[in-house]
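Colleague: So here's upload.tsv (TSV, C-alpha atoms).
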```tsv
chain	number	residue	atom	x	y	z
A	1	MET	CA	-53.87	121.77	-45.26
A	2	ASP	CA	-51.68	123.00	-42.40
A	3	ILE	CA	-52.74	126.02	-40.39
A	4	PRO	CA	-49.96	128.59	-40.90
A	5	TYR	CA	-47.97	130.30	-38.15
A	6	THR	CA	-49.03	128.14	-35.21
A	7	VAL	CA	-45.48	128.16	-33.86
A	8	GLN	CA	-43.37	130.58	-35.86
A	9	PRO	CA	-44.32	134.26	-35.68
A	10	ARG	CA	-45.92	135.78	-38.74
A	11	PRO	CA	-43.43	138.24	-40.27
A	12	ASP	CA	-45.84	141.21	-40.40
A	13	THR	CA	-47.31	140.90	-36.88
A	14	GLY	CA	-44.33	139.32	-35.11
A	15	LEU	CA	-46.78	136.96	-33.40
A	16	TYR	CA	-48.11	133.48	-33.99
A	17	ASN	CA	-51.68	133.63	-35.28
A	18	ALA	CA	-53.46	132.20	-32.25
A	19	LYS	CA	-52.07	134.95	-30.08
A	20	VAL	CA	-53.51	137.68	-32.30
A	21	GLY	CA	-56.76	135.72	-32.33
A	22	ILE	CA	-57.05	135.42	-28.55
A	23	TRP	CA	-56.29	139.12	-28.04
A	24	LEU	CA	-58.99	140.10	-30.55
A	25	PHE	CA	-61.36	137.78	-28.71
A	26	LEU	CA	-60.38	139.28	-25.35
A	27	ALA	CA	-60.98	142.76	-26.79
A	28	SER	CA	-64.55	141.71	-27.61
A	29	GLU	CA	-64.87	140.29	-24.10
A	30	VAL	CA	-63.81	143.63	-22.61
A	31	MET	CA	-66.67	145.26	-24.50
A	32	LEU	CA	-69.13	142.59	-23.33
A	33	PHE	CA	-68.25	142.98	-19.66
A	34	GLY	CA	-67.80	146.74	-20.16
A	35	ALA	CA	-71.43	147.04	-21.27
A	36	LEU	CA	-72.59	145.21	-18.15
A	37	PHE	CA	-70.32	147.28	-15.90
A	38	SER	CA	-71.74	150.46	-17.40
A	39	SER	CA	-75.24	149.07	-16.75
A	40	TYR	CA	-74.22	148.48	-13.13
A	41	ILE	CA	-73.02	152.08	-12.78
A	42	LEU	CA	-76.22	153.44	-14.32
A	43	LEU	CA	-78.41	151.31	-12.04
A	44	ARG	CA	-76.40	152.28	-9.00
A	45	VAL	CA	-76.32	156.04	-9.55
A	46	SER	CA	-80.02	155.98	-10.46
A	47	ALA	CA	-81.04	154.15	-7.28
A	48	PRO	CA	-82.88	156.30	-4.70
A	49	GLU	CA	-80.80	157.33	-1.69
A	50	GLY	CA	-80.63	154.50	0.83
A	51	TYR	CA	-82.09	151.89	-1.50
A	52	TRP	CA	-78.87	150.45	-2.95
A	53	PRO	CA	-77.88	147.34	-0.97
A	54	HIS	CA	-74.73	147.12	1.11
A	55	GLY	CA	-73.68	143.89	2.76
A	56	TRP	CA	-76.12	141.60	1.00
A	57	LEU	CA	-73.29	139.28	0.00
A	58	ASN	CA	-71.03	137.31	2.31
A	59	ILE	CA	-67.62	139.03	2.30
A	60	PRO	CA	-65.53	136.11	3.72
A	61	ILE	CA	-66.95	133.80	1.04
A	62	GLY	CA	-66.32	136.38	-1.70
A	63	THR	CA	-62.78	136.93	-0.42
A	64	THR	CA	-62.16	133.18	-0.41
A	65	ASN	CA	-63.35	132.94	-4.01
A	66	THR	CA	-61.07	135.84	-4.98
A	67	LEU	CA	-58.11	134.07	-3.40
A	68	VAL	CA	-59.09	130.83	-5.18
A	69	LEU	CA	-59.03	132.62	-8.55
A	70	ILE	CA	-55.69	134.30	-7.80
A	71	CYS	CA	-54.24	130.89	-6.89
A	72	SER	CA	-55.59	129.47	-10.17
A	73	SER	CA	-53.86	132.30	-12.04
A	74	ILE	CA	-50.46	131.46	-10.57
A	75	THR	CA	-50.95	127.73	-11.24
A	76	THR	CA	-51.85	128.57	-14.86
A	77	VAL	CA	-48.75	130.65	-15.37
A	78	MET	CA	-46.64	127.97	-13.66
A	79	ALA	CA	-48.10	125.33	-16.00
A	80	TRP	CA	-47.03	127.41	-19.01
A	81	ALA	CA	-43.58	128.06	-17.51
A	82	SER	CA	-43.20	124.30	-16.89
A	83	CYS	CA	-43.86	123.62	-20.59
A	84	LYS	CA	-41.30	126.26	-21.51
A	85	MET	CA	-38.78	124.55	-19.20
A	86	ASN	CA	-39.58	121.17	-20.75
A	87	GLN	CA	-41.06	119.80	-17.51
A	88	PHE	CA	-44.21	118.03	-18.64
A	89	GLY	CA	-44.83	116.33	-15.29
A	90	ARG	CA	-44.90	119.68	-13.53
A	91	PHE	CA	-47.21	121.07	-16.20
A	92	LYS	CA	-49.63	118.23	-15.43
A	93	PHE	CA	-49.46	118.98	-11.72
A	94	TRP	CA	-50.00	122.74	-12.03
A	95	HIS	CA	-52.89	122.46	-14.45
A	96	ALA	CA	-54.55	119.77	-12.31
A	97	CYS	CA	-54.43	122.38	-9.53
A	98	THR	CA	-55.96	124.98	-11.90
A	99	ILE	CA	-58.87	122.67	-12.74
A	100	LEU	CA	-59.49	121.86	-9.07
A	101	LEU	CA	-59.40	125.55	-8.16
A	102	ALA	CA	-61.85	126.33	-10.99
A	103	LEU	CA	-64.22	123.68	-9.66
A	104	THR	CA	-63.81	125.08	-6.14
A	105	PHE	CA	-64.74	128.54	-7.43
A	106	VAL	CA	-67.87	127.22	-9.16
A	107	CYS	CA	-68.91	125.23	-6.06
A	108	ILE	CA	-68.54	128.29	-3.81
A	109	LYS	CA	-70.46	130.42	-6.31
A	110	SER	CA	-73.25	127.81	-6.44
A	111	TYR	CA	-73.47	127.90	-2.65
A	112	GLU	CA	-73.80	131.69	-2.78
A	113	TYR	CA	-76.56	131.45	-5.39
A	114	HIS	CA	-78.38	128.87	-3.28
A	115	ASP	CA	-78.10	131.21	-0.31
A	116	LYS	CA	-79.83	133.96	-2.29
A	117	PHE	CA	-82.58	131.71	-3.65
A	118	THR	CA	-83.48	130.52	-0.14
A	119	HIS	CA	-83.47	134.05	1.31
A	120	TYR	CA	-86.99	135.52	1.44
A	121	GLU	CA	-88.57	138.88	2.02
A	122	ILE	CA	-92.13	138.38	3.25
A	123	ASP	CA	-94.63	141.24	3.34
A	124	LEU	CA	-97.22	140.69	6.05
A	125	LYS	CA	-100.78	141.99	6.07
A	126	ASP	CA	-100.11	143.98	9.28
A	127	GLY	CA	-97.47	146.07	7.45
A	128	ARG	CA	-94.40	144.39	8.90
A	129	ILE	CA	-91.77	142.73	6.74
A	130	ALA	CA	-90.11	139.44	7.69
A	131	ASP	CA	-86.72	138.83	6.14
A	132	GLY	CA	-84.58	135.73	6.42
A	133	HIS	CA	-83.61	132.32	5.16
A	134	LEU	CA	-86.26	129.70	4.61
A	135	VAL	CA	-86.23	126.87	7.14
A	136	GLU	CA	-89.48	125.11	6.34
A	137	LYS	CA	-92.56	125.59	4.20
A	138	SER	CA	-95.89	123.87	4.85
A	139	ALA	CA	-99.51	124.36	3.79
A	140	ASP	CA	-100.22	126.44	6.92
A	141	ASN	CA	-96.93	128.07	7.90
A	142	VAL	CA	-93.66	129.40	6.61
A	143	VAL	CA	-90.67	129.21	8.95
A	144	ILE	CA	-87.68	131.47	8.36
A	145	HIS	CA	-84.50	132.24	10.26
A	146	GLY	CA	-84.48	136.02	10.18
A	147	ARG	CA	-86.02	139.16	11.64
A	148	TYR	CA	-88.92	141.60	11.41
A	149	VAL	CA	-88.57	145.16	10.16
A	150	THR	CA	-91.18	147.87	9.83
A	151	ASP	CA	-89.49	149.90	7.09
A	152	ARG	CA	-88.10	148.24	3.93
A	153	LYS	CA	-85.18	150.70	4.01
A	154	GLU	CA	-83.79	148.85	7.07
A	155	LEU	CA	-83.06	145.88	4.81
A	156	PHE	CA	-80.68	147.72	2.51
A	157	ASP	CA	-77.62	148.71	4.53
A	158	LEU	CA	-76.42	145.70	6.51
A	159	ARG	CA	-72.93	147.14	6.98
A	160	ARG	CA	-73.81	150.10	9.17
A	161	PRO	CA	-71.07	150.34	11.80
A	162	GLY	CA	-72.07	149.50	15.35
A	163	GLU	CA	-75.33	147.84	14.42
A	164	GLU	CA	-75.83	144.22	15.36
A	165	ILE	CA	-78.59	142.40	13.57
A	166	LYS	CA	-80.18	139.57	15.54
A	167	HIS	CA	-81.83	136.67	13.75
A	168	GLU	CA	-84.26	134.19	15.23
A	169	GLU	CA	-86.57	131.47	14.03
A	170	ILE	CA	-89.90	132.97	13.00
A	171	THR	CA	-93.07	131.03	12.19
A	172	ILE	CA	-95.48	132.93	9.97
A	173	PRO	CA	-99.02	131.66	9.30
A	174	ARG	CA	-99.72	131.71	5.55
A	175	ALA	CA	-102.96	133.63	6.17
A	176	GLN	CA	-100.83	136.61	7.32
A	177	ILE	CA	-98.67	136.69	4.23
A	178	GLN	CA	-99.41	139.28	1.59
A	179	LYS	CA	-96.39	138.73	-0.65
A	180	MET	CA	-93.38	136.46	-0.47
A	181	GLU	CA	-90.38	136.75	-2.76
A	182	ASN	CA	-86.88	135.30	-2.67
A	183	TYR	CA	-83.66	137.18	-3.41
A	184	GLY	CA	-83.54	136.10	-7.05
A	185	PRO	CA	-82.67	138.46	-9.93
A	186	TRP	CA	-86.30	139.72	-9.97
A	187	HIS	CA	-86.13	141.03	-6.39
A	188	HIS	CA	-83.97	144.13	-6.94
A	189	THR	CA	-81.93	145.71	-9.76
A	190	TYR	CA	-78.80	145.07	-7.68
A	191	LEU	CA	-79.54	141.34	-7.67
A	192	ALA	CA	-80.42	141.46	-11.37
A	193	ILE	CA	-77.02	142.89	-12.27
A	194	TYR	CA	-75.29	140.69	-9.65
A	195	PHE	CA	-76.68	137.50	-11.16
A	196	THR	CA	-76.03	138.70	-14.72
A	197	LEU	CA	-72.41	139.70	-14.09
A	198	THR	CA	-71.44	136.78	-11.87
A	199	GLY	CA	-73.43	134.30	-13.98
A	200	LEU	CA	-71.65	135.40	-17.14
A	201	HIS	CA	-68.35	135.28	-15.30
A	202	ALA	CA	-69.11	131.78	-13.97
A	203	LEU	CA	-69.87	130.64	-17.52
A	204	HIS	CA	-66.42	131.90	-18.51
A	205	VAL	CA	-64.86	130.00	-15.59
A	206	ILE	CA	-66.66	126.80	-16.64
A	207	GLY	CA	-65.71	127.29	-20.31
A	208	GLY	CA	-62.08	128.00	-19.42
A	209	ALA	CA	-61.96	124.98	-17.11
A	210	ILE	CA	-63.30	122.74	-19.90
A	211	VAL	CA	-60.62	123.98	-22.34
A	212	ILE	CA	-57.85	123.62	-19.73
A	213	GLY	CA	-59.23	120.18	-18.82
A	214	CYS	CA	-59.05	119.09	-22.48
A	215	LEU	CA	-55.48	120.40	-22.78
A	216	TRP	CA	-54.57	118.63	-19.54
A	217	GLY	CA	-56.24	115.38	-20.63
A	218	PRO	CA	-56.74	114.13	-24.20
A	219	LEU	CA	-55.04	117.03	-26.02
A	220	SER	CA	-51.86	116.70	-23.96
A	221	ARG	CA	-50.75	113.93	-26.34
A	222	GLN	CA	-49.71	116.74	-28.68
A	223	TRP	CA	-46.79	117.44	-26.34
A	224	LYS	CA	-44.90	114.44	-27.73
A	225	ARG	CA	-45.44	115.40	-31.38
A	226	GLU	CA	-45.37	119.21	-31.33
A	227	PRO	CA	-44.19	120.51	-27.93
A	228	GLU	CA	-43.86	124.13	-29.07
A	229	ARG	CA	-47.33	124.26	-30.56
A	230	PHE	CA	-48.74	122.65	-27.42
A	231	THR	CA	-46.92	125.22	-25.27
A	232	ASN	CA	-48.49	127.99	-27.34
A	233	ARG	CA	-51.93	126.46	-26.75
A	234	ILE	CA	-51.25	126.53	-23.03
A	235	GLU	CA	-50.27	130.19	-23.30
A	236	ILE	CA	-53.48	131.03	-25.19
A	237	SER	CA	-55.74	129.22	-22.73
A	238	GLY	CA	-53.76	130.90	-19.93
A	239	LEU	CA	-54.40	134.36	-21.39
A	240	PHE	CA	-58.12	133.64	-21.35
A	241	TRP	CA	-57.90	132.38	-17.77
A	242	HIS	CA	-56.03	135.49	-16.61
A	243	PHE	CA	-58.71	137.62	-18.25
A	244	VAL	CA	-61.35	135.77	-16.23
A	245	ASP	CA	-59.32	136.54	-13.10
A	246	LEU	CA	-59.01	140.17	-14.20
A	247	VAL	CA	-62.78	140.55	-14.50
A	248	TRP	CA	-63.27	139.11	-11.01
A	249	ILE	CA	-60.73	141.58	-9.60
A	250	PHE	CA	-63.25	144.31	-10.44
A	251	LEU	CA	-66.42	142.32	-9.74
A	252	PHE	CA	-65.43	141.49	-6.17
A	253	PRO	CA	-65.10	145.03	-4.73
A	254	VAL	CA	-67.92	146.40	-6.86
A	255	LEU	CA	-70.50	143.79	-5.85
A	256	TYR	CA	-69.35	142.68	-2.40
A	257	LEU	CA	-67.67	145.63	-0.75
A	258	LEU	CA	-68.91	148.97	-2.08
B	1	MET	CA	-20.49	121.40	-30.71
B	2	ASP	CA	-24.15	121.76	-31.66
B	3	SER	CA	-25.12	119.55	-28.78
B	4	GLN	CA	-23.07	121.70	-26.39
B	5	ALA	CA	-24.68	124.86	-27.75
B	6	SER	CA	-28.11	123.30	-27.40
B	7	THR	CA	-27.40	122.26	-23.78
B	8	ALA	CA	-26.16	125.77	-23.03
B	9	SER	CA	-29.30	127.21	-24.60
B	10	VAL	CA	-31.59	124.93	-22.58
B	11	HIS	CA	-29.66	125.87	-19.44
B	12	GLU	CA	-30.04	129.53	-20.30
B	13	ASP	CA	-33.77	128.99	-20.83
B	14	HIS	CA	-34.03	127.34	-17.43
B	15	GLU	CA	-32.12	130.22	-15.82
B	16	SER	CA	-34.27	132.76	-17.59
B	17	PHE	CA	-37.51	131.00	-16.63
B	18	ALA	CA	-36.42	130.46	-13.05
B	19	HIS	CA	-36.08	134.25	-12.93
B	20	HIS	CA	-39.57	134.64	-14.46
B	21	VAL	CA	-41.05	132.15	-12.00
B	22	ARG	CA	-39.64	134.14	-9.07
B	23	ARG	CA	-41.25	137.25	-10.53
B	24	TYR	CA	-44.60	135.45	-10.92
B	25	LEU	CA	-44.46	134.44	-7.27
B	26	TYR	CA	-43.87	138.05	-6.19
B	27	VAL	CA	-46.86	139.11	-8.29
B	28	PHE	CA	-48.92	136.35	-6.68
B	29	TYR	CA	-48.01	137.57	-3.16
B	30	ALA	CA	-48.82	141.14	-4.20
B	31	LEU	CA	-52.25	140.03	-5.48
B	32	ILE	CA	-53.02	138.24	-2.22
B	33	PHE	CA	-51.94	141.31	-0.28
B	34	GLY	CA	-54.01	143.56	-2.56
B	35	THR	CA	-57.11	141.42	-1.97
B	36	LEU	CA	-56.74	141.57	1.81
B	37	LEU	CA	-56.07	145.31	1.57
B	38	THR	CA	-59.26	145.82	-0.48
B	39	VAL	CA	-61.33	143.98	2.13
B	40	GLY	CA	-59.63	145.80	5.03
B	41	ALA	CA	-60.06	149.22	3.40
B	42	SER	CA	-63.78	148.60	2.86
B	43	TYR	CA	-64.24	148.47	6.65
B	44	ILE	CA	-62.54	151.83	7.23
B	45	PRO	CA	-65.13	154.60	7.62
B	46	PHE	CA	-63.55	157.34	5.49
B	47	GLY	CA	-66.60	159.51	6.07
B	48	ASP	CA	-67.73	159.47	2.48
B	49	ARG	CA	-68.53	156.31	0.53
B	50	ALA	CA	-67.01	157.91	-2.58
B	51	ILE	CA	-63.59	157.67	-0.89
B	52	ASN	CA	-64.13	153.97	-0.17
B	53	ILE	CA	-65.08	153.44	-3.81
B	54	THR	CA	-62.01	155.36	-5.03
B	55	VAL	CA	-59.65	153.41	-2.75
B	56	ALA	CA	-61.14	150.05	-3.78
B	57	LEU	CA	-60.92	150.92	-7.47
B	58	ILE	CA	-57.31	152.12	-7.16
B	59	ILE	CA	-56.35	148.80	-5.53
B	60	ALA	CA	-58.36	146.86	-8.15
B	61	CYS	CA	-56.60	148.75	-10.98
B	62	SER	CA	-53.19	148.00	-9.40
B	63	LYS	CA	-54.08	144.31	-9.19
B	64	ALA	CA	-55.35	144.36	-12.77
B	65	PHE	CA	-52.06	145.95	-13.87
B	66	LEU	CA	-50.11	143.14	-12.16
B	67	VAL	CA	-52.20	140.39	-13.78
B	68	ALA	CA	-52.23	141.99	-17.24
B	69	GLY	CA	-48.63	143.19	-17.09
B	70	PHE	CA	-46.92	140.09	-15.73
B	71	PHE	CA	-49.20	137.06	-16.02
B	72	MET	CA	-50.44	138.14	-19.47
B	73	HIS	CA	-46.98	139.52	-20.41
B	74	LEU	CA	-48.32	142.87	-21.51
B	75	ILE	CA	-45.28	144.74	-20.24
B	76	SER	CA	-43.22	143.19	-23.04
B	77	GLU	CA	-45.66	142.51	-25.88
B	78	ARG	CA	-45.57	143.23	-29.60
B	79	LYS	CA	-46.91	146.49	-31.03
B	80	MET	CA	-49.83	144.74	-32.67
B	81	ILE	CA	-51.27	143.71	-29.28
B	82	TYR	CA	-50.88	147.25	-27.97
B	83	GLY	CA	-52.72	148.45	-31.09
B	84	ILE	CA	-55.63	146.09	-30.43
B	85	LEU	CA	-55.75	147.19	-26.79
B	86	ALA	CA	-55.61	150.89	-27.70
B	87	PHE	CA	-58.75	150.45	-29.83
B	88	THR	CA	-60.38	148.48	-27.01
B	89	ALA	CA	-59.56	151.18	-24.46
B	90	PHE	CA	-60.98	153.86	-26.78
B	91	PHE	CA	-64.29	152.08	-27.27
B	92	PHE	CA	-64.46	151.06	-23.59
B	93	ALA	CA	-64.07	154.72	-22.62
B	94	GLY	CA	-66.83	155.54	-25.11
B	95	LEU	CA	-69.05	152.96	-23.48
B	96	MET	CA	-68.53	154.56	-20.08
B	97	PHE	CA	-69.16	158.01	-21.56
B	98	LEU	CA	-72.56	156.80	-22.79
B	99	ILE	CA	-73.63	156.46	-19.16
B	100	LEU	CA	-73.09	160.18	-18.64
B	101	LEU	CA	-75.21	160.95	-21.69
B	102	ALA	CA	-77.96	158.59	-20.51
B	103	TYR	CA	-77.86	159.97	-16.99
B	104	ALA	CA	-78.10	163.57	-18.15
B	105	ASP	CA	-80.89	162.94	-20.62
B	106	PHE	CA	-83.97	161.59	-18.88
B	107	PRO	CA	-87.08	161.52	-21.08
B	108	LEU	CA	-89.89	163.87	-20.10
B	109	HIS	CA	-92.06	162.77	-17.14
B	110	THR	CA	-89.45	160.32	-15.89
B	111	ILE	CA	-89.78	159.84	-12.13
B	112	THR	CA	-86.41	160.61	-10.53
B	113	HIS	CA	-85.79	160.23	-6.82
```
What is this structure when it is put down as C-alpha cells?

Modeller:
Amino acid sequence: MDIPYTVQPRPDTGLYNAKVGIWLFLASEVMLFGALFSSYILLRVSAPEGYWPHGWLNIPIGTTNTLVLICSSITTVMAWASCKMNQFGRFKFWHACTILLALTFVCIKSYEYHDKFTHYEIDLKDGRIADGHLVEKSADNVVIHGRYVTDRKELFDLRRPGEEIKHEEITIPRAQIQKMENYGPWHHTYLAIYFTLTGLHALHVIGGAIVIGCLWGPLSRQWKREPERFTNRIEISGLFWHFVDLVWIFLFPVLYLL
Amino acid sequence: MDSQASTASVHEDHESFAHHVRRYLYVFYALIFGTLLTVGASYIPFGDRAINITVALIIACSKAFLVAGFFMHLISERKMIYGILAFTAFFFAGLMFLILLAYADFPLHTITH
C-alpha cells in the first residue's frame, strides 16, 4: 500500500502529510523544552541572593558551539535548496558539512562535560574550600589546579568586573579533606538543569545527525527514483535541525551568559 | 514546445532559488552578528542584571524569528501550520504562567531565602 500525499499536497490541508507530521512533532518538542525552561526559571528565581552561578561555563567555547550550529543550519538549508535546483552533487556536499558540524558540536559539548566532571570543590577540615580542576589523585594526596576560598559564596560569581582569579597547583593531603565533590548534576541545581537541558539538546543533535546521515548515505538512492519525495524528506529533516538550532539560540544566553 | 516550457520553468526555478539562497545567506550573516552581539552585550554592565537578561532575550527572540521565519519558511506557510503553532504558543504561555502560580504559592513552613 502506498503512503498517500508524500509529494502532492493534501487538498484539505494544502500540505504533504509529512510536513503536518513534523510540525505536530515540533509542537510537542516545544512543550518538552518549555517545561524544562520553566523549571530553569523557577530554580533561578528561587535561588538565594548570590548563590546562582555566573561564569561557570566557558563563554568562548559556548560561542564557538553556537556558531557551529548556525553554520549547520545554513548548510542544511543549502542542501535542501540544492535538491530543489536539481543539483544532487551540491546536496551531498552541503549535507556532508552538516554532519561534520553536528559531530563538531557534540565533540565540543563532550569536552565541556569532561571539564565539569573533573572540576572539584573540596571542603577542608579547617573550614577552607579548595576549588579547581583535578590534576592527580593518589592514596595520600589530591592535586588540583585551582584556589582556596573561605566563603562558598565566592565561588558563585566568576564574572565580577575587575576581579582577577588566580589559579595555582594545590596539593591537599587526604586526611584534611572533609568532603570532595565534582561539578556534576548533583553539585548544584544550576548544574542539574544545565546537564538536563544540554543533554536533551545533545540527544536531539545526535538523533538529527543520524537521520541526516542516513539521508546523505543509504537513503540518497531514492533521489534517482523519486526526487521530489526525497527533496521533501530533506525539508522535513531540515525543519527538525532548525528547531534544534532554535532551542540552542535560547540555551546559550540563558546558561552561559546571564 | 513542452520541452521549451519545461526548460523555461527549470530556469525560473533556478532564478527563484538563487534569490532564496541570497536571502538565506543574509539571514546567516545576521545570525552570526546576533550571536556576537549577545556575547558583547553580556559584558556591558547595565547596572541591573535584569537589563542584561532583557537585552539577551530580545536578541535571542530576533534570532529565533530569523531561523523560524526564513530557514523554516514560517513567513510564508499554510494556515494549518499557523493553527498548530497558535495552539503551541497558547499552551507554552500556560506553562510559563504555571511558574507564577508555583512561585506565589509556597506550602506552609517552606524555607524561603

Colleague: Within 6 Å of chain B, which residues of chain A are there when counting all atoms listed in the file? Please give them as an MDAnalysis selection string.

Modeller: chainID A and resid 27 38 48 85 239 246 249:250

Colleague: If you count only C-alpha atoms, which residues fall within 7 Å of A:Trp94, apart from same-chain ones fewer than 4 positions away, as a list of chain:residue names?

Modeller: A:Thr75, A:Thr76, A:Met78, A:Ala79, A:Arg90, A:Thr98

Colleague: Taking into account all atoms listed in the file, which residue in the set A:Trp23, A:Tyr16, A:Asn65, A:Lys84 is nearest to A:Trp223?

Modeller: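 Ranked by minimum distance to A:Trp223, first place goes to A:Lys84.
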
Colleague: Counting all atoms listed in the file, what is within 10 Å of stretch 198-200 of chain A, bar same-chain residues fewer than 2 positions away, as a PyMOL selection string?

Modeller: chain A and resi 32-33+36+109-110+113+193-196+202-206+247-248+251-252+255

Colleague: Need to verify the contact set: A:Val143, 8 Å, all atoms listed in the file, exclusion of same-chain residues closer than 2 positions in sequence. Can you return it as a PyMOL selection string?

Modeller: chain A and resi 134-137+141+145+169-172

Colleague: Based on the selection just made, write C-alpha atoms of those residues as a PDB file, keeping the file's coordinate frame.

Modeller:
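After the write, out_36.pdb holds the following:
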```
ATOM      1  CA  LEU A 134     -86.260 129.700   4.610  1.00  0.00           C
ATOM      2  CA  VAL A 135     -86.230 126.870   7.140  1.00  0.00           C
ATOM      3  CA  GLU A 136     -89.480 125.110   6.340  1.00  0.00           C
ATOM      4  CA  LYS A 137     -92.560 125.590   4.200  1.00  0.00           C
ATOM      5  CA  ASN A 141     -96.930 128.070   7.900  1.00  0.00           C
ATOM      6  CA  HIS A 145     -84.500 132.240  10.260  1.00  0.00           C
ATOM      7  CA  GLU A 169     -86.570 131.470  14.030  1.00  0.00           C
ATOM      8  CA  ILE A 170     -89.900 132.970  13.000  1.00  0.00           C
ATOM      9  CA  THR A 171     -93.070 131.030  12.190  1.00  0.00           C
ATOM     10  CA  ILE A 172     -95.480 132.930   9.970  1.00  0.00           C
TER      11      ILE A 172
END
```

Colleague: Find the smallest box with edges along x, y and z containing every listed atom of stretch 45-50 of chain B, then add 4 Å on each side and report centre and edge lengths in Å to one decimal, as JSON.

Modeller:
```
{"center_x": -66.0, "center_y": 157.1, "center_z": 2.5, "size_x": 13.0, "size_y": 12.9, "size_z": 18.2}
```

Colleague: Please compute the atom CA of A:Tyr5-atom CA of A:Asn17 distance, one decimal, in Å.

Modeller: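 Atom CA of A:Tyr5 sits 5.8 Å away from atom CA of A:Asn17.
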
Colleague: I'd like to know which of A:Ile236, A:Gly127, A:Trp186, A:Ala18 is closest to A:Ile3, using all atoms listed in the file.

Modeller: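 The shortest atom-to-atom distance to A:Ile3 comes from A:Ala18.
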
Colleague: Show me, as JSON lines, the residues of stretch 56-81 of chain A having an atom within 12 Å of stretch 154-158 of chain A, each with the closest atom pair and its distance in Å, using all atoms listed in the file.

Modeller:
```
{"residue": "A:Trp56", "atom": "CA", "partner": "A:Leu158", "partner_atom": "CA", "distance": 6.9}
{"residue": "A:Leu57", "atom": "CA", "partner": "A:Leu158", "partner_atom": "CA", "distance": 9.7}
{"residue": "A:Asn58", "atom": "CA", "partner": "A:Leu158", "partner_atom": "CA", "distance": 10.8}
{"residue": "A:Ile59", "atom": "CA", "partner": "A:Leu158", "partner_atom": "CA", "distance": 11.8}
```

Colleague: Go ahead and save the picked residues with C-alpha atoms, as a short mmCIF file (atom, residue, chain, number, x, y, z; two decimals), in the frame of the given file.

Modeller:
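selection-v2.cif written:
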```
data_model
loop_
_atom_site.label_atom_id
_atom_site.label_comp_id
_atom_site.auth_asym_id
_atom_site.auth_seq_id
_atom_site.Cartn_x
_atom_site.Cartn_y
_atom_site.Cartn_z
CA TRP A 56 -76.12 141.60 1.00
CA LEU A 57 -73.29 139.28 0.00
CA ASN A 58 -71.03 137.31 2.31
CA ILE A 59 -67.62 139.03 2.30
#
```

Colleague: Do you know which residues are at most 10 Å from A:Gly132 counting all atoms listed in the file, after dropping those on the same chain fewer than 6 positions away, and could you put them as a ChimeraX atom specification?

Modeller: /A:118-122,143-148,167-170,182-183

Colleague: So how far away is atom CA of A:Asp245 from atom CA of A:Ile70, in Å?

Modeller: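 Answer for the atom CA of A:Ile70 to atom CA of A:Asp245 separation: 6.8 Å.
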
Colleague: Which of these, A:Leu258, A:Glu163, A:Glu29, A:His242, has the shortest distance to B:Gly69 once you count all atoms listed in the file?

Modeller: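 Comparing A:Leu258, A:Glu163, A:Glu29, A:His242 against B:Gly69, the winner is A:His242.
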
Colleague: Quick one: distance from atom CA of A:Gln178 to atom CA of A:Asp140 in Å, one decimal?

Modeller: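 Spanning atom CA of A:Gln178 to atom CA of A:Asp140 is a straight-line distance of 13.9 Å.
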
Colleague: Name the residues in contact with A:Ile212 at a cut-off of 8 Å, using all atoms listed in the file, excluding same-chain residues fewer than 6 positions from it; report them as a list in words.

Modeller: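 Residues meeting the cut-off are His95, Ile99, Ile234 and Ser237 of chain A.
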